[in-house]
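coords16.pdb (PDB, C-alpha atoms and all ligand atoms)
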ATOM      1  CA  MET A 107     -15.410  14.390  -6.390
ATOM      2  CA  ILE A 108     -17.961  11.581  -6.731
ATOM      3  CA  PRO A 109     -18.359   9.770  -3.373
ATOM      4  CA  ILE A 110     -16.747   6.347  -3.558
ATOM      5  CA  ASP A 111     -20.043   4.595  -2.635
ATOM      6  CA  ASP A 112     -22.099   6.412  -5.265
ATOM      7  CA  ARG A 113     -20.635   5.298  -8.553
ATOM      8  CA  ASP A 114     -21.653   3.262 -11.563
ATOM      9  CA  GLY A 115     -20.123  -0.137 -12.112
ATOM     10  CA  PHE A 116     -19.866  -3.467 -10.320
ATOM     11  CA  ILE A 117     -18.253  -4.846  -7.195
ATOM     12  CA  TRP A 118     -17.543  -8.532  -6.751
ATOM     13  CA  MET A 119     -18.719  -9.718  -3.344
ATOM     14  CA  ASP A 120     -18.948 -13.236  -1.933
ATOM     15  CA  GLY A 121     -18.797 -14.925  -5.303
ATOM     16  CA  THR A 122     -20.781 -12.687  -7.647
ATOM     17  CA  LEU A 123     -20.826  -9.232  -9.168
ATOM     18  CA  HIS A 124     -23.255  -6.721  -7.673
ATOM     19  CA  PRO A 125     -24.210  -3.217  -8.843
ATOM     20  CA  TRP A 126     -21.771  -0.763  -7.212
ATOM     21  CA  ARG A 127     -24.368   1.078  -5.088
ATOM     22  CA  ALA A 128     -26.102  -2.140  -3.962
ATOM     23  CA  VAL A 129     -23.253  -3.583  -1.876
ATOM     24  CA  SER A 130     -23.712  -2.993   1.812
ATOM     25  CA  ILE A 131     -22.785  -4.708   5.052
ATOM     26  CA  HIS A 132     -24.367  -4.790   8.513
ATOM     27  CA  VAL A 133     -23.426  -2.148  11.078
ATOM     28  CA  LEU A 134     -22.459  -4.890  13.539
ATOM     29  CA  THR A 135     -19.768  -6.238  11.225
ATOM     30  CA  HIS A 136     -16.914  -7.737  13.246
ATOM     31  CA  GLY A 137     -14.269  -6.426  10.829
ATOM     32  CA  MET A 138     -15.434  -2.864  11.415
ATOM     33  CA  HIS A 139     -15.642  -3.072  15.215
ATOM     34  CA  TYR A 140     -12.452  -4.979  15.939
ATOM     35  CA  GLY A 141     -10.315  -4.615  12.815
ATOM     36  CA  GLY A 142     -10.689  -8.204  11.608
ATOM     37  CA  CYS A 143     -10.007  -7.121   8.063
ATOM     38  CA  VAL A 144      -7.171  -7.404   5.547
ATOM     39  CA  PHE A 145      -6.879  -5.980   2.073
ATOM     40  CA  GLU A 146      -4.689  -5.424  -0.968
ATOM     41  CA  GLY A 147      -3.922  -2.508  -3.226
ATOM     42  CA  GLU A 148      -3.156  -3.469  -6.822
ATOM     43  CA  ARG A 149      -2.871  -1.661 -10.125
ATOM     44  CA  ALA A 150      -3.758  -2.804 -13.622
ATOM     45  CA  TYR A 151      -1.850  -1.301 -16.527
ATOM     46  CA  ASP A 152      -2.951  -1.894 -20.125
ATOM     47  CA  GLY A 153      -5.361  -4.599 -18.976
ATOM     48  CA  ARG A 154      -2.828  -6.576 -16.915
ATOM     49  CA  VAL A 155      -2.671  -6.530 -13.122
ATOM     50  CA  PHE A 156       0.945  -5.941 -12.185
ATOM     51  CA  LYS A 157       2.215  -8.832 -10.017
ATOM     52  CA  LEU A 158      -1.326 -10.081  -9.380
ATOM     53  CA  ARG A 159      -0.214 -13.407  -7.917
ATOM     54  CA  GLU A 160       2.210 -11.714  -5.493
ATOM     55  CA  HIS A 161      -0.628  -9.500  -4.263
ATOM     56  CA  THR A 162      -3.027 -12.429  -3.954
ATOM     57  CA  LYS A 163      -0.405 -14.390  -2.023
ATOM     58  CA  ARG A 164       0.103 -11.456   0.357
ATOM     59  CA  LEU A 165      -3.683 -11.164   0.767
ATOM     60  CA  PHE A 166      -3.930 -14.809   1.801
ATOM     61  CA  ARG A 167      -0.892 -14.485   4.061
ATOM     62  CA  SER A 168      -2.417 -11.402   5.727
ATOM     63  CA  ALA A 169      -5.678 -13.307   6.267
ATOM     64  CA  ASP A 170      -3.768 -16.261   7.677
ATOM     65  CA  LEU A 171      -1.811 -14.039  10.087
ATOM     66  CA  LEU A 172      -5.146 -12.768  11.419
ATOM     67  CA  GLY A 173      -6.503 -16.325  11.685
ATOM     68  CA  MET A 174      -8.955 -15.966   8.809
ATOM     69  CA  GLN A 175      -9.424 -18.825   6.366
ATOM     70  CA  VAL A 176     -10.291 -17.472   2.923
ATOM     71  CA  PRO A 177     -13.267 -19.389   1.454
ATOM     72  CA  TYR A 178     -11.786 -19.214  -2.080
ATOM     73  CA  THR A 179      -8.637 -20.406  -3.785
ATOM     74  CA  MET A 180      -6.001 -17.996  -5.105
ATOM     75  CA  ASP A 181      -7.005 -18.957  -8.651
ATOM     76  CA  GLU A 182     -10.612 -18.051  -7.881
ATOM     77  CA  ILE A 183      -9.568 -14.661  -6.474
ATOM     78  CA  ASP A 184      -7.366 -13.944  -9.511
ATOM     79  CA  ALA A 185     -10.232 -14.901 -11.838
ATOM     80  CA  ALA A 186     -12.659 -12.728  -9.842
ATOM     81  CA  THR A 187     -10.214  -9.817 -10.160
ATOM     82  CA  ALA A 188     -10.172 -10.183 -13.954
ATOM     83  CA  GLU A 189     -13.976 -10.516 -13.969
ATOM     84  CA  THR A 190     -14.380  -7.305 -11.933
ATOM     85  CA  LEU A 191     -12.022  -5.340 -14.187
ATOM     86  CA  ALA A 192     -13.871  -6.556 -17.272
ATOM     87  CA  ALA A 193     -17.322  -5.802 -15.795
ATOM     88  CA  ASN A 194     -16.165  -2.244 -15.122
ATOM     89  CA  LYS A 195     -14.577  -1.989 -18.583
ATOM     90  CA  LEU A 196     -11.281  -0.901 -17.051
ATOM     91  CA  THR A 197      -7.792  -1.610 -18.350
ATOM     92  CA  ASP A 198      -5.951   0.893 -16.121
ATOM     93  CA  ALA A 199      -7.245   0.816 -12.574
ATOM     94  CA  TYR A 200      -6.577   0.568  -8.894
ATOM     95  CA  ILE A 201      -7.930  -2.678  -7.436
ATOM     96  CA  ARG A 202      -8.982  -3.226  -3.839
ATOM     97  CA  PRO A 203      -9.638  -6.805  -2.695
ATOM     98  CA  VAL A 204     -10.784  -6.950   0.929
ATOM     99  CA  ILE A 205     -11.452  -9.823   3.331
ATOM    100  CA  TRP A 206     -13.248  -9.278   6.600
ATOM    101  CA  ARG A 207     -15.034 -11.009   9.428
ATOM    102  CA  GLY A 208     -18.804 -10.705   8.983
ATOM    103  CA  SER A 209     -21.698  -9.905  11.300
ATOM    104  CA  LYS A 210     -22.801 -13.299  12.598
ATOM    105  CA  LYS A 211     -21.350 -12.832  16.066
ATOM    106  CA  MET A 212     -20.214 -10.008  18.371
ATOM    107  CA  GLY A 213     -17.274 -10.153  20.788
ATOM    108  CA  LEU A 214     -13.613 -10.793  20.163
ATOM    109  CA  ALA A 215     -14.084 -14.526  19.518
ATOM    110  CA  PRO A 216     -15.622 -14.484  16.037
ATOM    111  CA  ASP A 217     -17.505 -17.108  14.044
ATOM    112  CA  PRO A 218     -14.520 -18.595  12.174
ATOM    113  CA  ALA A 219     -16.645 -19.452   9.138
ATOM    114  CA  ASP A 220     -18.003 -15.935   8.763
ATOM    115  CA  ILE A 221     -15.437 -14.607   6.279
ATOM    116  CA  ARG A 222     -16.536 -12.184   3.577
ATOM    117  CA  VAL A 223     -14.628 -11.203   0.452
ATOM    118  CA  ALA A 224     -15.054  -8.334  -1.996
ATOM    119  CA  ILE A 225     -13.114  -6.858  -4.921
ATOM    120  CA  ALA A 226     -13.622  -3.336  -6.226
ATOM    121  CA  CYS A 227     -11.726  -1.391  -8.864
ATOM    122  CA  TRP A 228     -11.781   2.160 -10.141
ATOM    123  CA  SER A 229      -9.662   4.686 -12.011
ATOM    124  CA  TRP A 230      -7.319   6.314  -9.535
ATOM    125  CA  GLY A 231      -4.609   8.789 -10.428
ATOM    126  CA  LYS A 232      -1.436   9.398  -8.458
ATOM    127  CA  TYR A 233      -2.036   8.732  -4.757
ATOM    128  CA  LEU A 234       0.403  11.425  -3.593
ATOM    129  CA  GLN A 235       1.091  14.690  -5.376
ATOM    130  CA  PRO A 236       3.393  17.427  -4.050
ATOM    131  CA  LYS A 237       1.367  20.292  -2.546
ATOM    132  CA  ASP A 238       4.211  22.642  -3.470
ATOM    133  CA  GLY A 239       3.570  21.903  -7.170
ATOM    134  CA  PRO A 240       4.844  19.464  -9.810
ATOM    135  CA  GLY A 241       8.595  18.924  -9.824
ATOM    136  CA  THR A 242       9.104  19.914  -6.167
ATOM    137  CA  GLY A 243       8.971  16.438  -4.655
ATOM    138  CA  LEU A 244       6.826  15.358  -1.738
ATOM    139  CA  SER A 245       7.177  16.906   1.692
ATOM    140  CA  LEU A 246       7.202  14.553   4.687
ATOM    141  CA  LYS A 247       6.793  15.477   8.322
ATOM    142  CA  THR A 248       8.322  13.184  10.931
ATOM    143  CA  SER A 249       5.380  11.778  12.838
ATOM    144  CA  ARG A 250       5.110  11.490  16.582
ATOM    145  CA  TRP A 251       3.222   8.228  15.919
ATOM    146  CA  ARG A 252       5.533   5.278  15.551
ATOM    147  CA  ARG A 253       5.102   2.073  13.550
ATOM    148  CA  MET A 254       3.879  -0.856  15.595
ATOM    149  CA  ASP A 255       6.380  -3.202  17.159
ATOM    150  CA  PRO A 256       6.501  -6.647  15.491
ATOM    151  CA  GLN A 257       5.986  -8.115  18.947
ATOM    152  CA  SER A 258       2.680  -6.271  19.257
ATOM    153  CA  PHE A 259       1.217  -7.242  15.894
ATOM    154  CA  PRO A 260       2.198  -9.283  12.797
ATOM    155  CA  VAL A 261       3.394  -6.220  10.881
ATOM    156  CA  GLU A 262       3.736  -8.048   7.570
ATOM    157  CA  ALA A 263      -0.077  -8.379   7.476
ATOM    158  CA  LYS A 264      -1.732  -5.697   5.371
ATOM    159  CA  ALA A 265      -4.415  -5.385   7.999
ATOM    160  CA  ALA A 266      -6.947  -2.566   8.292
ATOM    161  CA  GLY A 267      -6.143  -1.969  11.980
ATOM    162  CA  VAL A 268      -2.586  -0.902  11.152
ATOM    163  CA  TYR A 269      -3.973   1.981   9.119
ATOM    164  CA  ALA A 270      -5.525   3.587  12.215
ATOM    165  CA  VAL A 271      -1.959   4.710  13.030
ATOM    166  CA  GLY A 272      -1.349   5.823   9.437
ATOM    167  CA  ILE A 273      -4.509   7.948   9.533
ATOM    168  CA  LEU A 274      -3.232   9.778  12.632
ATOM    169  CA  ALA A 275       0.203  10.320  11.110
ATOM    170  CA  GLN A 276      -1.231  11.488   7.780
ATOM    171  CA  ALA A 277      -3.611  13.945   9.481
ATOM    172  CA  GLU A 278      -0.837  15.355  11.650
ATOM    173  CA  ALA A 279       1.348  15.889   8.566
ATOM    174  CA  ALA A 280      -1.478  17.391   6.484
ATOM    175  CA  GLN A 281      -2.425  19.812   9.270
ATOM    176  CA  ALA A 282       1.159  21.080   9.300
ATOM    177  CA  GLY A 283       1.040  21.573   5.509
ATOM    178  CA  PHE A 284       3.003  18.459   4.506
ATOM    179  CA  ASP A 285       2.104  15.843   1.906
ATOM    180  CA  ASP A 286       2.675  12.799   4.086
ATOM    181  CA  ALA A 287       4.395  11.520   7.222
ATOM    182  CA  LEU A 288       7.787   9.973   7.831
ATOM    183  CA  MET A 289       7.172   7.184  10.309
ATOM    184  CA  LEU A 290       9.832   5.838  12.639
ATOM    185  CA  ASP A 291       9.894   2.488  14.370
ATOM    186  CA  LEU A 292       9.762   2.119  18.156
ATOM    187  CA  GLN A 293      13.576   2.378  18.317
ATOM    188  CA  GLY A 294      13.404   5.746  16.528
ATOM    189  CA  ASN A 295      14.877   4.529  13.234
ATOM    190  CA  VAL A 296      13.392   5.333   9.827
ATOM    191  CA  ALA A 297      10.584   2.906   8.903
ATOM    192  CA  GLU A 298       8.326   4.069   6.057
ATOM    193  CA  ALA A 299       5.746   6.637   4.983
ATOM    194  CA  THR A 300       2.034   6.071   5.717
ATOM    195  CA  VAL A 301       1.357   3.858   2.674
ATOM    196  CA  ALA A 302       4.722   3.640   0.958
ATOM    197  CA  ASN A 303       8.302   2.486   1.509
ATOM    198  CA  LEU A 304      11.337   4.745   1.529
ATOM    199  CA  PHE A 305      14.589   4.876  -0.414
ATOM    200  CA  ALA A 306      17.537   7.282  -0.205
ATOM    201  CA  VAL A 307      20.642   7.676  -2.372
ATOM    202  CA  PHE A 308      24.074   8.258  -0.796
ATOM    203  CA  ASP A 309      27.070   8.619  -3.146
ATOM    204  CA  GLY A 310      25.402   6.459  -5.789
ATOM    205  CA  VAL A 311      24.374   3.728  -3.314
ATOM    206  CA  LEU A 312      20.652   3.130  -2.892
ATOM    207  CA  LYS A 313      19.690   2.586   0.737
ATOM    208  CA  THR A 314      16.362   1.513   2.159
ATOM    209  CA  PRO A 315      15.270   0.650   5.700
ATOM    210  CA  LYS A 316      15.594  -3.030   6.520
ATOM    211  CA  PRO A 317      12.108  -4.541   6.838
ATOM    212  CA  GLY A 318      10.987  -6.145  10.075
ATOM    213  CA  GLY A 319       8.803  -3.427  11.556
ATOM    214  CA  PHE A 320       6.789  -2.413   8.496
ATOM    215  CA  LEU A 321       5.231  -3.711   5.283
ATOM    216  CA  ASN A 322       7.890  -4.926   2.844
ATOM    217  CA  GLY A 323       6.113  -3.569  -0.226
ATOM    218  CA  ILE A 324       5.888  -5.362  -3.543
ATOM    219  CA  THR A 325       6.938  -2.120  -5.273
ATOM    220  CA  ARG A 326       9.887  -1.879  -2.871
ATOM    221  CA  GLN A 327      11.025  -5.373  -3.821
ATOM    222  CA  THR A 328      10.497  -4.593  -7.512
ATOM    223  CA  VAL A 329      12.593  -1.414  -7.267
ATOM    224  CA  ILE A 330      15.407  -3.240  -5.457
ATOM    225  CA  ALA A 331      15.509  -5.817  -8.277
ATOM    226  CA  LEU A 332      15.361  -3.125 -10.989
ATOM    227  CA  ALA A 333      18.191  -1.173  -9.352
ATOM    228  CA  ARG A 334      20.400  -4.267  -8.959
ATOM    229  CA  ASP A 335      19.694  -5.125 -12.620
ATOM    230  CA  LYS A 336      21.103  -1.726 -13.526
ATOM    231  CA  GLY A 337      24.241  -2.368 -11.501
ATOM    232  CA  ILE A 338      23.223  -0.043  -8.657
ATOM    233  CA  THR A 339      24.368  -1.172  -5.201
ATOM    234  CA  VAL A 340      21.372  -1.554  -2.885
ATOM    235  CA  GLU A 341      21.730  -1.750   0.886
ATOM    236  CA  GLU A 342      18.950  -2.608   3.307
ATOM    237  CA  CYS A 343      20.014  -1.045   6.561
ATOM    238  CA  VAL A 344      19.042   0.639   9.801
ATOM    239  CA  MET A 345      19.001   4.430   9.382
ATOM    240  CA  THR A 346      18.461   7.146  11.928
ATOM    241  CA  PRO A 347      16.432  10.173  10.769
ATOM    242  CA  ALA A 348      19.608  12.328  11.102
ATOM    243  CA  GLU A 349      21.488  10.037   8.667
ATOM    244  CA  PHE A 350      18.498   9.718   6.366
ATOM    245  CA  VAL A 351      17.987  13.460   5.707
ATOM    246  CA  LYS A 352      21.583  13.793   4.472
ATOM    247  CA  ALA A 353      20.663  11.830   1.320
ATOM    248  CA  ASP A 354      21.572  13.101  -2.149
ATOM    249  CA  GLU A 355      18.082  12.172  -3.297
ATOM    250  CA  MET A 356      15.120  10.342  -1.901
ATOM    251  CA  PHE A 357      11.894   8.707  -3.049
ATOM    252  CA  LEU A 358       9.036   6.551  -1.878
ATOM    253  CA  THR A 359       7.448   3.487  -3.456
ATOM    254  CA  GLY A 360       4.032   1.864  -3.343
ATOM    255  CA  THR A 361       1.424   0.401  -5.648
ATOM    256  CA  ALA A 362      -0.871   3.424  -5.323
ATOM    257  CA  ALA A 363       1.936   5.999  -5.068
ATOM    258  CA  GLU A 364       4.232   4.269  -7.601
ATOM    259  CA  ILE A 365       7.670   6.000  -7.401
ATOM    260  CA  GLU A 366       7.588   9.601  -6.203
ATOM    261  CA  SER A 367      10.476  11.943  -5.355
ATOM    262  CA  ILE A 368      10.749  13.375  -1.855
ATOM    263  CA  GLY A 369      11.848  17.019  -1.806
ATOM    264  CA  ARG A 370      11.636  17.828   1.880
ATOM    265  CA  ILE A 371      11.729  16.115   5.269
ATOM    266  CA  ASP A 372      10.633  18.563   7.982
ATOM    267  CA  ASP A 373      12.982  21.565   7.416
ATOM    268  CA  HIS A 374      15.555  19.623   5.373
ATOM    269  CA  LYS A 375      15.426  20.176   1.637
ATOM    270  CA  ILE A 376      16.360  17.111  -0.412
ATOM    271  CA  PRO A 377      17.559  17.604  -3.992
ATOM    272  CA  LEU A 378      15.667  15.803  -6.758
ATOM    273  CA  GLY A 379      18.041  13.522  -8.578
ATOM    274  CA  PRO A 380      18.758  11.303 -11.569
ATOM    275  CA  MET A 381      18.518   7.885  -9.905
ATOM    276  CA  THR A 382      14.872   8.481  -8.967
ATOM    277  CA  LYS A 383      14.120   9.434 -12.567
ATOM    278  CA  GLN A 384      15.978   6.414 -13.913
ATOM    279  CA  LEU A 385      14.053   4.032 -11.646
ATOM    280  CA  GLN A 386      10.719   5.751 -12.365
ATOM    281  CA  GLU A 387      11.278   5.177 -16.078
ATOM    282  CA  ALA A 388      12.308   1.556 -15.555
ATOM    283  CA  TYR A 389       9.253   0.939 -13.330
ATOM    284  CA  SER A 390       6.815   2.510 -15.828
ATOM    285  CA  ALA A 391       8.249   0.361 -18.602
ATOM    286  CA  LEU A 392       8.040  -2.798 -16.479
ATOM    287  CA  VAL A 393       4.422  -2.389 -15.331
ATOM    288  CA  ARG A 394       3.290  -1.820 -18.914
ATOM    289  CA  ARG A 395       5.344  -4.618 -20.394
ATOM    290  CA  LYS A 396       3.164  -7.172 -22.175
ATOM    291  CA  GLY A 397       3.270 -10.875 -21.480
TER     292      GLY A 397
HETATM  293  N1  LIG B 401       3.617   0.360   3.516
HETATM  294  C1  LIG B 401       2.297   0.450   3.748
HETATM  295  C2  LIG B 401       1.816   0.699   5.129
HETATM  296  C3  LIG B 401       1.378   0.319   2.695
HETATM  297  O1  LIG B 401       0.071   0.436   2.915
HETATM  298  C4  LIG B 401       1.868   0.092   1.390
HETATM  299  C5  LIG B 401       0.897  -0.040   0.242
HETATM  300  N2  LIG B 401       0.429  -1.357   0.138
HETATM  301  C6  LIG B 401       3.255  -0.013   1.195
HETATM  302  C7  LIG B 401       4.104   0.120   2.288
HETATM  303  C8  LIG B 401       3.816  -0.316  -0.169
HETATM  304  O2  LIG B 401       3.461  -1.629  -0.530
HETATM  305  P1  LIG B 401       3.265  -2.081  -2.041
HETATM  306  O3  LIG B 401       4.469  -1.627  -2.768
HETATM  307  O4  LIG B 401       3.141  -3.544  -1.961
HETATM  308  O5  LIG B 401       2.033  -1.409  -2.542
END

Translate this structure into structure tokens?
Amino acid sequence: MIPIDDRDGFIWMDGTLHPWRAVSIHVLTHGMHYGGCVFEGERAYDGRVFKLREHTKRLFRSADLLGMQVPYTMDEIDAATAETLAANKLTDAYIRPVIWRGSKKMGLAPDPADIRVAIACWSWGKYLQPKDGPGTGLSLKTSRWRRMDPQSFPVEAKAAGVYAVGILAQAEAAQAGFDDALMLDLQGNVAEATVANLFAVFDGVLKTPKPGGFLNGITRQTVIALARDKGITVEECVMTPAEFVKADEMFLTGTAAEIESIGRIDDHKIPLGPMTKQLQEAYSALVRRKG
């Protein structure tokens, strides 16, 4: 695998494109020391970024929740995204805009004007693939690490600091031979996976944990709308892990992961089913739709 910092191409940073290997930041960067950093994960299909404005809005909202004022408009960020894709000659790509506090000042009280912005993009295949082989579904291990309480942090911010918990949960799951982690909230109810939201089918009804303690993904919202369009009943509800594993089928959703079946939670096997397939097909058609 080519290291992510040693590639050809261009990265947009602070207003202009730079050669990929030439972008660097100071070791005393505030965003790195204290987590003053928010980002997005987007995908372009056939030259069009799926739901670009929704992602840009969430990026600005995340920045705002962390008290960072973005020194660009949303239109400028959208234009910079298109410019970066074009410079890298990519039509199908994963896109990573990131906003962070720079290195002008140390200590928790930052220089409010020191806000840096970058956008990178690269070809990235499926984020999660079943270790047990294609067609088996992902395996998830219930993590001992819980999602943060909304009273401890604005959980709707896609903030780098939140991922410190995801890294622990992912590593714990991987060490036990699983593909990813099932994360619970502080009350012990089902929340999400490490970078994706969860859905489960019960007697033809599609259920998904009610957001409040985790990121309400753009893919999640898209899938809810697609399902309702198809006449499927969707319920956002509180689910205990014991209720959840009794599902007839189960899948996760995310921009990087797209829609992926779940075949096992801890020792519980989950059958792969038709609703997942139906929604996968509808999602693939939607993201590639022109116009
Ligand atoms: N939860 C977390 C923690 C995530 O990082 C992501 C990926 N952004 C998601 C859920 C899914 O969000 P989306 O569908 O907007 O990519």

For the file shown, report as a JSON list (two decimals) with C-alpha atoms, keeping the file's coordinate frame the outcome of the PyMOL selection byres (((not hetatm)) within 10 of (chain B and resi 401)) at residue level.
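So the final result, stored in out-v4.json, reads:
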[["chain", "number", "residue", "atom", "x", "y", "z"],
["A", 145, "PHE", "CA", -6.88, -5.98, 2.07],
["A", 146, "GLU", "CA", -4.69, -5.42, -0.97],
["A", 147, "GLY", "CA", -3.92, -2.51, -3.23],
["A", 148, "GLU", "CA", -3.16, -3.47, -6.82],
["A", 149, "ARG", "CA", -2.87, -1.66, -10.12],
["A", 157, "LYS", "CA", 2.22, -8.83, -10.02],
["A", 160, "GLU", "CA", 2.21, -11.71, -5.49],
["A", 161, "HIS", "CA", -0.63, -9.50, -4.26],
["A", 164, "ARG", "CA", 0.10, -11.46, 0.36],
["A", 253, "ARG", "CA", 5.10, 2.07, 13.55],
["A", 261, "VAL", "CA", 3.39, -6.22, 10.88],
["A", 262, "GLU", "CA", 3.74, -8.05, 7.57],
["A", 263, "ALA", "CA", -0.08, -8.38, 7.48],
["A", 264, "LYS", "CA", -1.73, -5.70, 5.37],
["A", 265, "ALA", "CA", -4.42, -5.38, 8.00],
["A", 266, "ALA", "CA", -6.95, -2.57, 8.29],
["A", 268, "VAL", "CA", -2.59, -0.90, 11.15],
["A", 269, "TYR", "CA", -3.97, 1.98, 9.12],
["A", 271, "VAL", "CA", -1.96, 4.71, 13.03],
["A", 272, "GLY", "CA", -1.35, 5.82, 9.44],
["A", 289, "MET", "CA", 7.17, 7.18, 10.31],
["A", 297, "ALA", "CA", 10.58, 2.91, 8.90],
["A", 298, "GLU", "CA", 8.33, 4.07, 6.06],
["A", 299, "ALA", "CA", 5.75, 6.64, 4.98],
["A", 300, "THR", "CA", 2.03, 6.07, 5.72],
["A", 301, "VAL", "CA", 1.36, 3.86, 2.67],
["A", 302, "ALA", "CA", 4.72, 3.64, 0.96],
["A", 303, "ASN", "CA", 8.30, 2.49, 1.51],
["A", 304, "LEU", "CA", 11.34, 4.74, 1.53],
["A", 320, "PHE", "CA", 6.79, -2.41, 8.50],
["A", 321, "LEU", "CA", 5.23, -3.71, 5.28],
["A", 322, "ASN", "CA", 7.89, -4.93, 2.84],
["A", 323, "GLY", "CA", 6.11, -3.57, -0.23],
["A", 324, "ILE", "CA", 5.89, -5.36, -3.54],
["A", 325, "THR", "CA", 6.94, -2.12, -5.27],
["A", 326, "ARG", "CA", 9.89, -1.88, -2.87],
["A", 327, "GLN", "CA", 11.02, -5.37, -3.82],
["A", 328, "THR", "CA", 10.50, -4.59, -7.51],
["A", 329, "VAL", "CA", 12.59, -1.41, -7.27],
["A", 358, "LEU", "CA", 9.04, 6.55, -1.88],
["A", 359, "THR", "CA", 7.45, 3.49, -3.46],
["A", 360, "GLY", "CA", 4.03, 1.86, -3.34],
["A", 361, "THR", "CA", 1.42, 0.40, -5.65],
["A", 362, "ALA", "CA", -0.87, 3.42, -5.32],
["A", 363, "ALA", "CA", 1.94, 6.00, -5.07],
["A", 364, "GLU", "CA", 4.23, 4.27, -7.60],
["A", 365, "ILE", "CA", 7.67, 6.00, -7.40]]

Can you list, as a compact mmCIF listing (two decimals) with C-alpha atoms, keeping the file's coordinate frame, every protein, DNA or RNA residue that comes within 12 Å of A:Ala219 when you count only C-alpha atoms, leaving out same-chain residues fewer than 3 positions away?
# COMPACT_ATOMS: atom_id res chain seq x y z
CA GLY A 173 -6.50 -16.32 11.68
CA MET A 174 -8.96 -15.97 8.81
CA GLN A 175 -9.42 -18.82 6.37
CA VAL A 176 -10.29 -17.47 2.92
CA PRO A 177 -13.27 -19.39 1.45
CA TRP A 206 -13.25 -9.28 6.60
CA ARG A 207 -15.03 -11.01 9.43
CA GLY A 208 -18.80 -10.70 8.98
CA SER A 209 -21.70 -9.90 11.30
CA LYS A 210 -22.80 -13.30 12.60
CA LYS A 211 -21.35 -12.83 16.07
CA ALA A 215 -14.08 -14.53 19.52
CA PRO A 216 -15.62 -14.48 16.04
CA ARG A 222 -16.54 -12.18 3.58

Residues matched by the PyMOL selection byres (((chain A and resi 242-249) around 9) and not hetatm), written as a PyMOL selection string | chain A and resi 234-241+250-252+274-276+278-280+282-290+299+347+357+366-373+375-378

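Atom CA of A:Lys163 lies 20.3 Å from atom CA of A:Gly141.
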
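When the distance limit is 12 Å and only C-alpha atoms are what count, the residues near A:Thr179, minus those fewer than 2 positions from it on the same chain, are Gly121, Arg159, Thr162, Lys163, Leu165, Phe166, Gln175, Val176, Pro177, Asp181, Glu182, Ile183, Asp184, Ala185, Ala186 and Val223 of chain A.
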
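For the atom pair formed by atom CA of A:Thr122 and atom CA of A:Gly267, the distance is 26.7 Å, given to one decimal.
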
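Atom pair atom CA of A:Ala199 / atom CA of A:Trp228 has a distance of 5.3 Å (rounded to one decimal).
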
What are the centre and edge lengths in Å, to one decimal, of the axis-aligned box around all listed atoms of stretch 355-373 of chain A with 5 Å added on each side, as lines of an AutoDock Vina configuration file?
center_x = 8.6
center_y = 11.0
center_z = 0.2
size_x = 29.0
size_y = 31.2
size_z = 25.6

Taking the file above as input, evaluate the PyMOL selection byres (((chain A and resi 189) around 10) and not hetatm) and report the hits as a PyMOL selection string.
-> chain A and resi 116-118+122-123+183-188+190-195+225

Counting all atoms listed in the file, closest pick from A:Gly294, A:Gly337, A:Phe305, A:Gly318 relative to A:Pro256 is A:Gly318

From the list A:Ala224, A:Met138, A:Ala169, A:Met212, the nearest residue to A:His124 using all atoms listed in the file is A:Ala224

Tell me which protein, DNA and RNA residues are within 10 Å of A:Ala348, counting all atoms listed in the file, leaving out same-chain ones fewer than 4 positions away, and put them as a list in words.
-> Asn295, Val296, Lys352 and Ala353 of chain A
